[in-house]
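Text of input-v6.cif (mmCIF, C-alpha atoms) as supplied:
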```
data_structure
loop_
_atom_site.group_PDB
_atom_site.id
_atom_site.type_symbol
_atom_site.label_atom_id
_atom_site.label_comp_id
_atom_site.auth_asym_id
_atom_site.auth_seq_id
_atom_site.Cartn_x
_atom_site.Cartn_y
_atom_site.Cartn_z
ATOM 1 C CA MET A 221 -9.912 3.355 -8.509
ATOM 2 C CA SER A 222 -7.871 3.933 -11.675
ATOM 3 C CA GLN A 223 -4.217 4.889 -11.868
ATOM 4 C CA ASN A 224 -5.311 8.421 -12.754
ATOM 5 C CA ASP A 225 -7.108 8.708 -9.417
ATOM 6 C CA LEU A 226 -3.817 8.532 -7.536
ATOM 7 C CA ILE A 227 -2.311 11.907 -6.620
ATOM 8 C CA GLU A 228 1.349 10.994 -6.983
ATOM 9 C CA LEU A 229 4.694 12.684 -6.484
ATOM 10 C CA LEU A 230 6.731 11.018 -9.232
ATOM 11 C CA PRO A 231 10.440 10.218 -8.716
ATOM 12 C CA THR A 232 11.672 13.105 -10.840
ATOM 13 C CA ALA A 233 15.281 14.122 -11.424
ATOM 14 C CA SER A 234 14.890 16.798 -8.754
ATOM 15 C CA THR A 235 13.697 14.305 -6.127
ATOM 16 C CA LEU A 236 16.539 11.923 -7.017
ATOM 17 C CA ASN A 237 18.957 14.822 -6.706
ATOM 18 C CA GLY A 238 17.521 15.578 -3.278
ATOM 19 C CA PHE A 239 18.012 11.940 -2.285
ATOM 20 C CA ALA A 240 21.572 12.017 -3.631
ATOM 21 C CA ASP A 241 22.408 15.246 -1.814
ATOM 22 C CA ASP A 242 21.031 13.870 1.452
ATOM 23 C CA VAL A 243 23.017 10.637 1.075
ATOM 24 C CA LYS A 244 26.256 12.507 0.389
ATOM 25 C CA ALA A 245 25.753 14.886 3.317
ATOM 26 C CA GLY A 246 25.023 11.949 5.611
ATOM 27 C CA LEU A 247 28.045 9.908 4.530
ATOM 28 C CA LEU A 248 30.305 12.953 4.912
ATOM 29 C CA ALA A 249 29.004 13.564 8.437
ATOM 30 C CA THR A 250 30.762 12.392 11.593
ATOM 31 C CA PRO A 251 29.409 9.926 12.571
ATOM 32 C CA LYS A 252 27.963 8.780 9.255
ATOM 33 C CA ARG A 253 24.178 8.693 8.918
ATOM 34 C CA LEU A 254 21.382 7.954 6.460
ATOM 35 C CA SER A 255 17.851 9.257 6.937
ATOM 36 C CA CYS A 256 15.164 6.731 7.902
ATOM 37 C CA ARG A 257 12.686 8.549 5.660
ATOM 38 C CA PHE A 258 14.351 6.768 2.728
ATOM 39 C CA PHE A 259 13.475 3.314 4.101
ATOM 40 C CA TYR A 260 10.051 3.371 2.532
ATOM 41 C CA ASP A 261 10.419 2.691 -1.151
ATOM 42 C CA ASP A 262 8.051 -0.004 -2.442
ATOM 43 C CA HIS A 263 10.325 -2.855 -1.351
ATOM 44 C CA GLY A 264 10.993 -1.308 2.037
ATOM 45 C CA SER A 265 7.269 -0.819 2.637
ATOM 46 C CA LYS A 266 6.654 -4.510 1.905
ATOM 47 C CA ILE A 267 9.406 -5.573 4.330
ATOM 48 C CA PHE A 268 7.893 -3.329 6.983
ATOM 49 C CA GLU A 269 4.583 -5.169 6.566
ATOM 50 C CA GLU A 270 6.527 -8.373 7.372
ATOM 51 C CA ILE A 271 7.962 -6.716 10.475
ATOM 52 C CA CYS A 272 4.475 -5.830 11.704
ATOM 53 C CA ALA A 273 3.554 -9.531 11.686
ATOM 54 C CA LEU A 274 6.586 -10.643 13.729
ATOM 55 C CA PRO A 275 5.897 -12.041 17.226
ATOM 56 C CA GLU A 276 8.701 -9.856 18.636
ATOM 57 C CA TYR A 277 7.240 -6.669 17.173
ATOM 58 C CA TYR A 278 4.612 -6.016 19.843
ATOM 59 C CA LEU A 279 3.679 -2.523 18.607
ATOM 60 C CA THR A 280 1.212 -3.614 15.916
ATOM 61 C CA ARG A 281 -0.661 -6.097 18.119
ATOM 62 C CA ALA A 282 -0.855 -3.659 21.039
ATOM 63 C CA GLU A 283 -2.215 -0.878 18.849
ATOM 64 C CA GLN A 284 -4.732 -3.207 17.211
ATOM 65 C CA GLU A 285 -5.927 -4.279 20.652
ATOM 66 C CA ILE A 286 -6.509 -0.672 21.667
ATOM 67 C CA LEU A 287 -8.359 0.095 18.441
ATOM 68 C CA LYS A 288 -10.596 -2.982 18.639
ATOM 69 C CA THR A 289 -11.513 -2.167 22.224
ATOM 70 C CA ASN A 290 -12.172 1.536 21.702
ATOM 71 C CA ALA A 291 -13.072 2.112 18.026
ATOM 72 C CA ASN A 292 -16.797 2.549 18.650
ATOM 73 C CA GLN A 293 -16.118 4.971 21.500
ATOM 74 C CA ILE A 294 -13.796 6.980 19.251
ATOM 75 C CA ALA A 295 -16.337 7.029 16.414
ATOM 76 C CA ALA A 296 -19.086 8.194 18.773
ATOM 77 C CA ARG A 297 -17.056 11.323 19.592
ATOM 78 C CA LEU A 298 -17.042 12.491 15.982
ATOM 79 C CA PRO A 299 -19.524 14.538 13.919
ATOM 80 C CA ALA A 300 -21.582 12.595 11.380
ATOM 81 C CA ASP A 301 -19.716 13.947 8.327
ATOM 82 C CA THR A 302 -16.160 13.317 9.544
ATOM 83 C CA THR A 303 -13.428 12.529 7.019
ATOM 84 C CA LEU A 304 -10.708 10.066 8.018
ATOM 85 C CA LEU A 305 -7.190 11.188 7.080
ATOM 86 C CA GLU A 306 -4.118 9.049 7.798
ATOM 87 C CA LEU A 307 -0.406 9.909 7.752
ATOM 88 C CA GLY A 308 1.817 6.978 6.708
ATOM 89 C CA SER A 309 -1.141 4.709 5.977
ATOM 90 C CA GLY A 310 0.734 1.781 4.372
ATOM 91 C CA SER A 311 -1.686 -1.103 3.786
ATOM 92 C CA ALA A 312 -4.154 0.414 6.300
ATOM 93 C CA ILE A 313 -4.709 -2.919 8.064
ATOM 94 C CA LYS A 314 -5.218 -1.399 11.527
ATOM 95 C CA THR A 315 -7.137 1.518 10.036
ATOM 96 C CA ARG A 316 -9.892 -0.835 8.902
ATOM 97 C CA ILE A 317 -10.995 -1.191 12.513
ATOM 98 C CA LEU A 318 -11.780 2.526 12.618
ATOM 99 C CA ILE A 319 -13.176 2.540 9.078
ATOM 100 C CA GLU A 320 -15.758 -0.069 10.070
ATOM 101 C CA ALA A 321 -16.663 1.818 13.242
ATOM 102 C CA LEU A 322 -17.051 5.113 11.373
ATOM 103 C CA ILE A 323 -19.138 3.600 8.568
ATOM 104 C CA GLY A 324 -21.333 2.026 11.237
ATOM 105 C CA GLN A 325 -21.667 5.424 12.914
ATOM 106 C CA GLN A 326 -22.223 7.692 9.898
ATOM 107 C CA GLY A 327 -23.166 5.414 6.975
ATOM 108 C CA ILE A 328 -20.619 6.641 4.413
ATOM 109 C CA LEU A 329 -17.023 7.712 4.845
ATOM 110 C CA GLN A 330 -14.298 9.532 2.933
ATOM 111 C CA PHE A 331 -10.776 8.228 3.621
ATOM 112 C CA VAL A 332 -7.629 10.133 2.593
ATOM 113 C CA PRO A 333 -4.553 7.914 3.093
ATOM 114 C CA ILE A 334 -1.144 9.611 2.797
ATOM 115 C CA ASP A 335 1.926 7.480 2.158
ATOM 116 C CA ILE A 336 5.256 7.822 0.389
ATOM 117 C CA SER A 337 4.736 4.580 -1.594
ATOM 118 C CA PRO A 338 2.367 4.953 -4.590
ATOM 119 C CA THR A 339 2.291 1.175 -5.113
ATOM 120 C CA ILE A 340 1.158 0.444 -1.554
ATOM 121 C CA LEU A 341 -1.434 3.236 -1.777
ATOM 122 C CA GLU A 342 -2.917 2.015 -5.045
ATOM 123 C CA GLN A 343 -3.112 -1.567 -3.820
ATOM 124 C CA SER A 344 -4.654 -0.712 -0.448
ATOM 125 C CA ALA A 345 -7.115 1.788 -1.963
ATOM 126 C CA ARG A 346 -8.357 -0.813 -4.433
ATOM 127 C CA GLU A 347 -8.771 -3.444 -1.715
ATOM 128 C CA LEU A 348 -10.547 -1.030 0.630
ATOM 129 C CA GLN A 349 -13.037 0.128 -1.974
ATOM 130 C CA GLN A 350 -13.808 -3.442 -2.971
ATOM 131 C CA HIS A 351 -14.385 -4.420 0.658
ATOM 132 C CA TYR A 352 -16.285 -1.311 1.788
ATOM 133 C CA PRO A 353 -18.815 -0.087 -0.825
ATOM 134 C CA LYS A 354 -19.687 2.919 1.357
ATOM 135 C CA LEU A 355 -16.072 4.084 1.520
ATOM 136 C CA GLU A 356 -14.610 6.720 -0.828
ATOM 137 C CA VAL A 357 -10.792 6.577 -0.964
ATOM 138 C CA ASN A 358 -8.709 9.531 -2.173
ATOM 139 C CA PRO A 359 -5.035 8.533 -1.785
ATOM 140 C CA VAL A 360 -2.168 11.013 -1.712
ATOM 141 C CA ALA A 361 1.373 9.789 -2.454
ATOM 142 C CA ALA A 362 3.676 12.148 -0.604
ATOM 143 C CA GLU A 363 5.683 12.683 2.549
ATOM 144 C CA TYR A 364 3.774 13.910 5.603
ATOM 145 C CA ARG A 365 4.026 17.678 5.215
ATOM 146 C CA GLU A 366 3.373 17.737 1.478
ATOM 147 C CA GLY A 367 0.590 15.202 1.974
ATOM 148 C CA LEU A 368 -1.162 17.372 4.542
ATOM 149 C CA VAL A 369 -1.096 20.347 2.176
ATOM 150 C CA ARG A 370 -2.554 18.265 -0.653
ATOM 151 C CA ALA A 371 -5.129 16.603 1.588
ATOM 152 C CA ARG A 372 -6.507 19.986 2.675
ATOM 153 C CA GLN A 373 -7.440 20.574 -0.970
ATOM 154 C CA LEU A 374 -9.560 17.405 -0.904
ATOM 155 C CA VAL A 375 -11.248 17.692 2.482
ATOM 156 C CA SER A 376 -13.876 20.021 3.857
ATOM 157 C CA GLY A 377 -15.633 19.598 7.167
ATOM 158 C CA PRO A 378 -14.424 17.829 10.331
ATOM 159 C CA LYS A 379 -11.489 15.418 10.206
ATOM 160 C CA LEU A 380 -10.062 12.620 12.292
ATOM 161 C CA ILE A 381 -6.334 12.635 11.520
ATOM 162 C CA LEU A 382 -4.529 9.363 12.262
ATOM 163 C CA TRP A 383 -0.818 8.956 12.879
ATOM 164 C CA LEU A 384 -0.508 5.357 13.982
ATOM 165 C CA GLY A 385 2.292 2.834 14.483
ATOM 166 C CA SER A 386 4.393 5.098 16.716
ATOM 167 C CA ASN A 387 5.806 6.815 13.630
ATOM 168 C CA ILE A 388 6.199 9.854 15.842
ATOM 169 C CA GLY A 389 9.096 7.975 17.436
ATOM 170 C CA ASN A 390 11.213 8.523 14.315
ATOM 171 C CA PHE A 391 11.250 12.267 15.035
ATOM 172 C CA GLU A 392 13.692 13.827 17.475
ATOM 173 C CA ARG A 393 11.660 15.025 20.458
ATOM 174 C CA ASP A 394 11.898 18.711 19.488
ATOM 175 C CA ASP A 395 10.990 17.881 15.881
ATOM 176 C CA ALA A 396 8.010 15.794 17.025
ATOM 177 C CA ALA A 397 6.641 18.772 18.958
ATOM 178 C CA ARG A 398 7.204 21.081 15.983
ATOM 179 C CA PHE A 399 5.493 18.687 13.571
ATOM 180 C CA LEU A 400 2.471 18.183 15.832
ATOM 181 C CA SER A 401 2.292 21.960 16.134
ATOM 182 C CA GLN A 402 2.158 22.208 12.330
ATOM 183 C CA VAL A 403 -0.614 19.607 12.214
ATOM 184 C CA GLY A 404 -2.439 21.508 14.937
ATOM 185 C CA ARG A 405 -2.399 24.694 12.889
ATOM 186 C CA CYS A 406 -4.200 22.775 10.116
ATOM 187 C CA MET A 407 -6.929 21.594 12.526
ATOM 188 C CA SER A 408 -10.266 23.259 13.123
ATOM 189 C CA ARG A 409 -12.054 23.133 16.469
ATOM 190 C CA ASP A 410 -14.024 20.062 15.250
ATOM 191 C CA ASP A 411 -10.930 18.092 14.188
ATOM 192 C CA LEU A 412 -9.184 15.450 16.279
ATOM 193 C CA LEU A 413 -5.733 13.913 15.982
ATOM 194 C CA LEU A 414 -5.172 10.283 17.066
ATOM 195 C CA VAL A 415 -1.493 9.413 17.574
ATOM 196 C CA GLY A 416 0.081 6.060 18.448
ATOM 197 C CA VAL A 417 2.976 6.507 20.886
ATOM 198 C CA ASP A 418 5.194 3.653 22.073
ATOM 199 C CA LEU A 419 6.059 3.660 25.769
ATOM 200 C CA ARG A 420 9.350 3.234 27.617
ATOM 201 C CA LYS A 421 9.902 -0.380 28.698
ATOM 202 C CA ASP A 422 12.419 -3.174 29.272
ATOM 203 C CA LYS A 423 15.620 -2.968 27.194
ATOM 204 C CA LEU A 424 15.454 -6.618 26.045
ATOM 205 C CA VAL A 425 11.878 -6.285 24.814
ATOM 206 C CA LEU A 426 12.802 -3.211 22.780
ATOM 207 C CA GLU A 427 16.039 -4.517 21.296
ATOM 208 C CA THR A 428 14.416 -7.817 20.270
ATOM 209 C CA ALA A 429 11.567 -5.938 18.589
ATOM 210 C CA TYR A 430 14.098 -4.038 16.447
ATOM 211 C CA ASP A 431 16.528 -6.934 15.878
ATOM 212 C CA ASP A 432 14.392 -10.042 15.462
ATOM 213 C CA PRO A 433 15.924 -13.549 15.257
ATOM 214 C CA ALA A 434 14.562 -14.096 11.732
ATOM 215 C CA GLY A 435 16.478 -11.066 10.444
ATOM 216 C CA VAL A 436 13.505 -9.257 8.912
ATOM 217 C CA THR A 437 14.409 -5.952 10.572
ATOM 218 C CA ALA A 438 17.975 -6.397 9.349
ATOM 219 C CA ARG A 439 16.692 -6.735 5.764
ATOM 220 C CA PHE A 440 14.600 -3.611 6.259
ATOM 221 C CA ASN A 441 17.605 -1.640 7.482
ATOM 222 C CA LEU A 442 19.900 -2.925 4.728
ATOM 223 C CA ASN A 443 17.318 -2.053 2.076
ATOM 224 C CA ILE A 444 18.352 1.596 2.292
ATOM 225 C CA LEU A 445 21.685 0.551 0.766
ATOM 226 C CA ASN A 446 19.785 -1.350 -1.935
ATOM 227 C CA ARG A 447 17.891 1.833 -2.716
ATOM 228 C CA ILE A 448 21.115 3.823 -3.057
ATOM 229 C CA ASN A 449 22.488 1.138 -5.388
ATOM 230 C CA ARG A 450 19.345 1.099 -7.541
ATOM 231 C CA ASP A 451 18.451 4.798 -7.676
ATOM 232 C CA LEU A 452 21.873 6.433 -7.437
ATOM 233 C CA GLY A 453 24.212 3.855 -8.947
ATOM 234 C CA GLY A 454 25.813 2.892 -5.648
ATOM 235 C CA THR A 455 28.159 -0.072 -5.185
ATOM 236 C CA PHE A 456 27.276 -1.094 -1.630
ATOM 237 C CA ASP A 457 27.876 -4.806 -0.975
ATOM 238 C CA LEU A 458 25.166 -5.623 1.562
ATOM 239 C CA SER A 459 26.973 -8.762 2.708
ATOM 240 C CA ARG A 460 29.701 -6.517 4.150
ATOM 241 C CA PHE A 461 27.356 -4.804 6.595
ATOM 242 C CA ARG A 462 25.552 -5.992 9.711
ATOM 243 C CA HIS A 463 22.448 -4.609 11.379
ATOM 244 C CA GLU A 464 22.582 -3.443 15.005
ATOM 245 C CA ALA A 465 19.804 -2.121 17.267
ATOM 246 C CA ILE A 466 20.700 -0.661 20.665
ATOM 247 C CA TYR A 467 18.392 0.815 23.306
ATOM 248 C CA ASN A 468 19.749 4.037 24.789
ATOM 249 C CA ASP A 469 17.917 4.270 28.116
ATOM 250 C CA ASP A 470 19.138 7.794 28.903
ATOM 251 C CA GLU A 471 17.669 9.155 25.680
ATOM 252 C CA GLY A 472 14.700 6.771 25.691
ATOM 253 C CA ARG A 473 15.277 5.590 22.129
ATOM 254 C CA VAL A 474 16.209 2.540 20.060
ATOM 255 C CA GLU A 475 19.135 3.390 17.763
ATOM 256 C CA MET A 476 19.660 1.447 14.527
ATOM 257 C CA TYR A 477 22.946 1.166 12.674
ATOM 258 C CA LEU A 478 24.546 -0.482 9.671
ATOM 259 C CA VAL A 479 28.057 -1.514 10.687
ATOM 260 C CA SER A 480 30.810 -2.272 8.186
ATOM 261 C CA ASP A 481 32.477 -5.679 8.669
ATOM 262 C CA VAL A 482 35.510 -4.687 6.589
ATOM 263 C CA PRO A 483 37.285 -1.513 5.457
ATOM 264 C CA GLN A 484 35.774 -0.586 2.110
ATOM 265 C CA ASN A 485 35.419 2.063 -0.560
ATOM 266 C CA VAL A 486 31.944 2.630 -2.011
ATOM 267 C CA SER A 487 31.261 4.703 -5.116
ATOM 268 C CA ILE A 488 27.980 6.410 -6.058
ATOM 269 C CA GLU A 489 27.689 7.042 -9.789
ATOM 270 C CA ARG A 490 25.065 9.803 -9.672
ATOM 271 C CA LEU A 491 27.328 11.774 -7.346
ATOM 272 C CA ASN A 492 30.532 10.946 -9.227
ATOM 273 C CA TRP A 493 31.925 10.358 -5.759
ATOM 274 C CA SER A 494 33.178 7.637 -3.460
ATOM 275 C CA VAL A 495 33.400 7.239 0.297
ATOM 276 C CA GLU A 496 35.743 5.314 2.599
ATOM 277 C CA ILE A 497 34.081 3.290 5.345
ATOM 278 C CA GLY A 498 36.274 1.807 8.046
ATOM 279 C CA MET A 499 36.058 -1.637 9.630
ATOM 280 C CA ASP A 500 33.398 -1.610 12.389
ATOM 281 C CA GLU A 501 32.401 1.927 11.399
ATOM 282 C CA ALA A 502 28.676 2.483 11.970
ATOM 283 C CA ILE A 503 26.193 4.325 9.748
ATOM 284 C CA HIS A 504 23.295 5.559 11.871
ATOM 285 C CA THR A 505 19.945 4.988 10.132
ATOM 286 C CA GLU A 506 17.154 5.456 12.670
ATOM 287 C CA ASN A 507 16.142 6.535 16.141
ATOM 288 C CA SER A 508 12.853 5.270 17.551
ATOM 289 C CA TYR A 509 11.901 7.307 20.603
ATOM 290 C CA LYS A 510 9.833 5.861 23.443
ATOM 291 C CA TYR A 511 7.805 8.047 25.790
ATOM 292 C CA SER A 512 6.802 8.077 29.428
ATOM 293 C CA LEU A 513 3.327 9.396 30.264
ATOM 294 C CA ALA A 514 4.899 12.588 31.591
ATOM 295 C CA GLU A 515 6.780 13.004 28.291
ATOM 296 C CA ILE A 516 3.511 12.653 26.360
ATOM 297 C CA ASP A 517 1.984 15.387 28.524
ATOM 298 C CA ARG A 518 4.969 17.646 27.795
ATOM 299 C CA LEU A 519 4.712 16.820 24.077
ATOM 300 C CA ALA A 520 1.095 18.002 24.019
ATOM 301 C CA GLU A 521 1.973 21.178 25.897
ATOM 302 C CA ARG A 522 4.896 22.019 23.615
ATOM 303 C CA SER A 523 2.794 21.292 20.521
ATOM 304 C CA GLY A 524 0.031 23.651 21.574
ATOM 305 C CA LEU A 525 -2.464 20.772 21.596
ATOM 306 C CA SER A 526 -4.799 19.468 24.268
ATOM 307 C CA LEU A 527 -4.582 15.793 25.285
ATOM 308 C CA ALA A 528 -8.283 14.955 25.237
ATOM 309 C CA GLU A 529 -8.130 11.210 25.934
ATOM 310 C CA GLN A 530 -5.655 8.344 26.214
ATOM 311 C CA TRP A 531 -5.920 4.566 25.845
ATOM 312 C CA PHE A 532 -3.529 1.658 26.580
ATOM 313 C CA ASP A 533 -3.236 -2.036 25.744
ATOM 314 C CA ASN A 534 -3.634 -4.586 28.540
ATOM 315 C CA ARG A 535 0.116 -4.855 29.095
ATOM 316 C CA GLY A 536 0.644 -1.107 29.203
ATOM 317 C CA GLN A 537 3.202 -1.264 26.386
ATOM 318 C CA PHE A 538 1.617 1.169 23.959
ATOM 319 C CA SER A 539 -0.682 4.190 23.951
ATOM 320 C CA LEU A 540 -3.193 5.879 21.674
ATOM 321 C CA ASN A 541 -3.520 9.586 22.335
ATOM 322 C CA MET A 542 -6.369 11.812 21.203
ATOM 323 C CA PHE A 543 -5.377 15.454 20.722
ATOM 324 C CA SER A 544 -7.570 18.424 19.963
ATOM 325 C CA ALA A 545 -6.658 21.944 18.945
ATOM 326 C CA VAL A 546 -6.489 24.444 21.770
ATOM 327 C CA ASP A 547 -9.176 27.130 21.444
#
```

Using structure tokens, write down the structure from this file.
Amino acid sequence: MSQNDLIELLPTASTLNGFADDVKAGLLATPKRLSCRFFYDDHGSKIFEEICALPEYYLTRAEQEILKTNANQIAARLPADTTLLELGSGSAIKTRILIEALIGQQGILQFVPIDISPTILEQSARELQQHYPKLEVNPVAAEYREGLVRARQLVSGPKLILWLGSNIGNFERDDAARFLSQVGRCMSRDDLLLVGVDLRKDKLVLETAYDDPAGVTARFNLNILNRINRDLGGTFDLSRFRHEAIYNDDEGRVEMYLVSDVPQNVSIERLNWSVEIGMDEAIHTENSYKYSLAEIDRLAERSGLSLAEQWFDNRGQFSLNMFSAVD
């Protein structure tokens, strides 16, 4: 794969302006917030790969277990000319389990990974094509919605759409249903959607997964300030903030914050603007929603999708959910 093969959304002035506008709106809000969708620049994507290897971060291992156990069964459900399409593919480590099963089932396979990081996409696409001669990779560098639109231009015939890693948990529950509904409207009767959904569980297990002793998740959270400094001319001093992750049992979500250790004034050159942040004031950066089985059923119903099949790891911590479009 050459650089020209990568369909890329370049960081233009307009996209930087959109980032700047979002940052200003979030820091003017009460309480302050920054969107988790800005975590995944190239550096943030690499830190997230570190998180996935942490012993405390059970999600990756649980999902891999489910895939290894059920990949051949999943592949057997699909037509012989199915294209694999993945939202938020990253390095596609877990996806390789399904790639191998699908190549074994149908001989050749087209894979369309969608991710916001062009660097990660180019690297993973090159590695995949070297490792799997019968795999054609057509990467799309974009956010989910834009990526789906672009992917439809590349793909004809039946599709298996993957949304792994419990990325759905970063959506508010209403937004998750709306997004799945949008995906559903892009699906034909032969298409299937496979979604990883993390399950409600013990508070300590969840908080440790999102605030590990080695501080990798803290670096990931703080990297959003690094990105503001680099791309927008911000003056955030990362040593003046601490990472916090709290499980809100009533809402069924892990909430992540950056909390200021001192009163401070931060300027952002691209905005020609500065913001006061008080001592112990928190900037909310992410929610990660967890689901009960009943909540997954309601999600399918609200999305206008049919829950065709469901799989779990041995500990019952995580689920893979196969959705089909409703006729």

Residues selected by the PyMOL selection byres ((chain A and resi 328) around 6), written as a PDB file with C-alpha atoms, in the frame of the given file:
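Resulting contents of expr03.pdb:
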```pdb
ATOM      1  CA  ILE A 323     -19.138   3.600   8.568  1.00  0.00           C
ATOM      2  CA  GLN A 326     -22.223   7.692   9.898  1.00  0.00           C
ATOM      3  CA  GLY A 327     -23.166   5.414   6.975  1.00  0.00           C
ATOM      4  CA  LEU A 329     -17.023   7.712   4.845  1.00  0.00           C
ATOM      5  CA  LYS A 354     -19.687   2.919   1.357  1.00  0.00           C
ATOM      6  CA  LEU A 355     -16.072   4.084   1.520  1.00  0.00           C
TER       7      LEU A 355
END
```

For this session: Would you list the contacts of A:Ile503 as an NGL selection string, taking every protein, DNA or RNA residue within 6 Å and counting all atoms listed in the file, but skipping same-chain residues closer than 3 positions in sequence?
Result: :A and (252-253 or 477-478)

For this session: Would you translate the PyMOL selection byres ((chain A and resi 319) around 10) into the concrete set of residues it matches in this file, as number ranges by chain?
Result: A: 291, 295, 304, 312, 314-318, 320-325, 328-331, 348, 352, 355

Using only C-alpha atoms, list the residues that have an atom at most 10 Å from (30.9, 6.4, 1.1), coordinates as in the file, as a PDB file with C-alpha atoms, in the coordinates of the input.
```pdb
ATOM      1  CA  VAL A 243      23.017  10.637   1.075  1.00  0.00           C
ATOM      2  CA  LYS A 244      26.256  12.507   0.389  1.00  0.00           C
ATOM      3  CA  GLY A 246      25.023  11.949   5.611  1.00  0.00           C
ATOM      4  CA  LEU A 247      28.045   9.908   4.530  1.00  0.00           C
ATOM      5  CA  LEU A 248      30.305  12.953   4.912  1.00  0.00           C
ATOM      6  CA  LYS A 252      27.963   8.780   9.255  1.00  0.00           C
ATOM      7  CA  GLY A 454      25.813   2.892  -5.648  1.00  0.00           C
ATOM      8  CA  THR A 455      28.159  -0.072  -5.185  1.00  0.00           C
ATOM      9  CA  PHE A 456      27.276  -1.094  -1.630  1.00  0.00           C
ATOM     10  CA  GLN A 484      35.774  -0.586   2.110  1.00  0.00           C
ATOM     11  CA  ASN A 485      35.419   2.063  -0.560  1.00  0.00           C
ATOM     12  CA  VAL A 486      31.944   2.630  -2.011  1.00  0.00           C
ATOM     13  CA  SER A 487      31.261   4.703  -5.116  1.00  0.00           C
ATOM     14  CA  ILE A 488      27.980   6.410  -6.058  1.00  0.00           C
ATOM     15  CA  TRP A 493      31.925  10.358  -5.759  1.00  0.00           C
ATOM     16  CA  SER A 494      33.178   7.637  -3.460  1.00  0.00           C
ATOM     17  CA  VAL A 495      33.400   7.239   0.297  1.00  0.00           C
ATOM     18  CA  GLU A 496      35.743   5.314   2.599  1.00  0.00           C
ATOM     19  CA  ILE A 497      34.081   3.290   5.345  1.00  0.00           C
ATOM     20  CA  GLY A 498      36.274   1.807   8.046  1.00  0.00           C
TER      21      GLY A 498
END
```

For this session: For atom CA of A:Ala438 and atom CA of A:His463, determine how far apart the two atoms are, in Å to one decimal place.
Result: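 Atom CA of A:His463 lies 5.2 Å from atom CA of A:Ala438.
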
For this session: Expand the PyMOL selection byres ((chain A and resi 525-538) around 7) into the individual residues it matches in the shown file, reporting them as number ranges by chain.
Result: A: 279, 282-283, 285-286, 404, 417-419, 520-521, 523-524, 539-546

Next, the residues of the selection above should be written as a PDB file, in the frame of the given file with C-alpha atoms.
```pdb
ATOM      1  CA  LEU A 279       3.679  -2.523  18.607  1.00  0.00           C
ATOM      2  CA  ALA A 282      -0.855  -3.659  21.039  1.00  0.00           C
ATOM      3  CA  GLU A 283      -2.215  -0.878  18.849  1.00  0.00           C
ATOM      4  CA  GLU A 285      -5.927  -4.279  20.652  1.00  0.00           C
ATOM      5  CA  ILE A 286      -6.509  -0.672  21.667  1.00  0.00           C
ATOM      6  CA  GLY A 404      -2.439  21.508  14.937  1.00  0.00           C
ATOM      7  CA  VAL A 417       2.976   6.507  20.886  1.00  0.00           C
ATOM      8  CA  ASP A 418       5.194   3.653  22.073  1.00  0.00           C
ATOM      9  CA  LEU A 419       6.059   3.660  25.769  1.00  0.00           C
ATOM     10  CA  ALA A 520       1.095  18.002  24.019  1.00  0.00           C
ATOM     11  CA  GLU A 521       1.973  21.178  25.897  1.00  0.00           C
ATOM     12  CA  SER A 523       2.794  21.292  20.521  1.00  0.00           C
ATOM     13  CA  GLY A 524       0.031  23.651  21.574  1.00  0.00           C
ATOM     14  CA  SER A 539      -0.682   4.190  23.951  1.00  0.00           C
ATOM     15  CA  LEU A 540      -3.193   5.879  21.674  1.00  0.00           C
ATOM     16  CA  ASN A 541      -3.520   9.586  22.335  1.00  0.00           C
ATOM     17  CA  MET A 542      -6.369  11.812  21.203  1.00  0.00           C
ATOM     18  CA  PHE A 543      -5.377  15.454  20.722  1.00  0.00           C
ATOM     19  CA  SER A 544      -7.570  18.424  19.963  1.00  0.00           C
ATOM     20  CA  ALA A 545      -6.658  21.944  18.945  1.00  0.00           C
ATOM     21  CA  VAL A 546      -6.489  24.444  21.770  1.00  0.00           C
TER      22      VAL A 546
END
```

For this session: Find the residues around A:Gly453 up to 8 Å (all atoms listed in the file counted), leave out those fewer than 3 positions away in its own chain, and share them as JSON, numbers by chain.
Result: {"A": [448, 449, 450, 488, 489, 490]}

Could you work out an axis-aligned box for stretch 395-409 of chain A, taking every atom the file lists and adding 5 Å on each side, and report centre and edge lengths in Å to one decimal, as JSON?
```
{"center_x": -0.5, "center_y": 20.2, "center_z": 14.5, "size_x": 33.0, "size_y": 18.9, "size_z": 18.8}
```

For this session: Show which residues sit within 12 Å of A:Pro433, as a list in words. Count only C-alpha atoms, and ignore same-chain residues fewer than 4 positions away.
Result: Ile271, Leu274, Pro275, Glu276, Tyr277, Glu427, Thr428, Ala429, Thr437, Ala438, Arg439 and His463 of chain A

Problem set entry | Nearest-residue call for A:Thr235, choices A:Pro299, A:Asp451, A:Arg460, A:Ala397, using all atoms listed in the file | A:Asp451
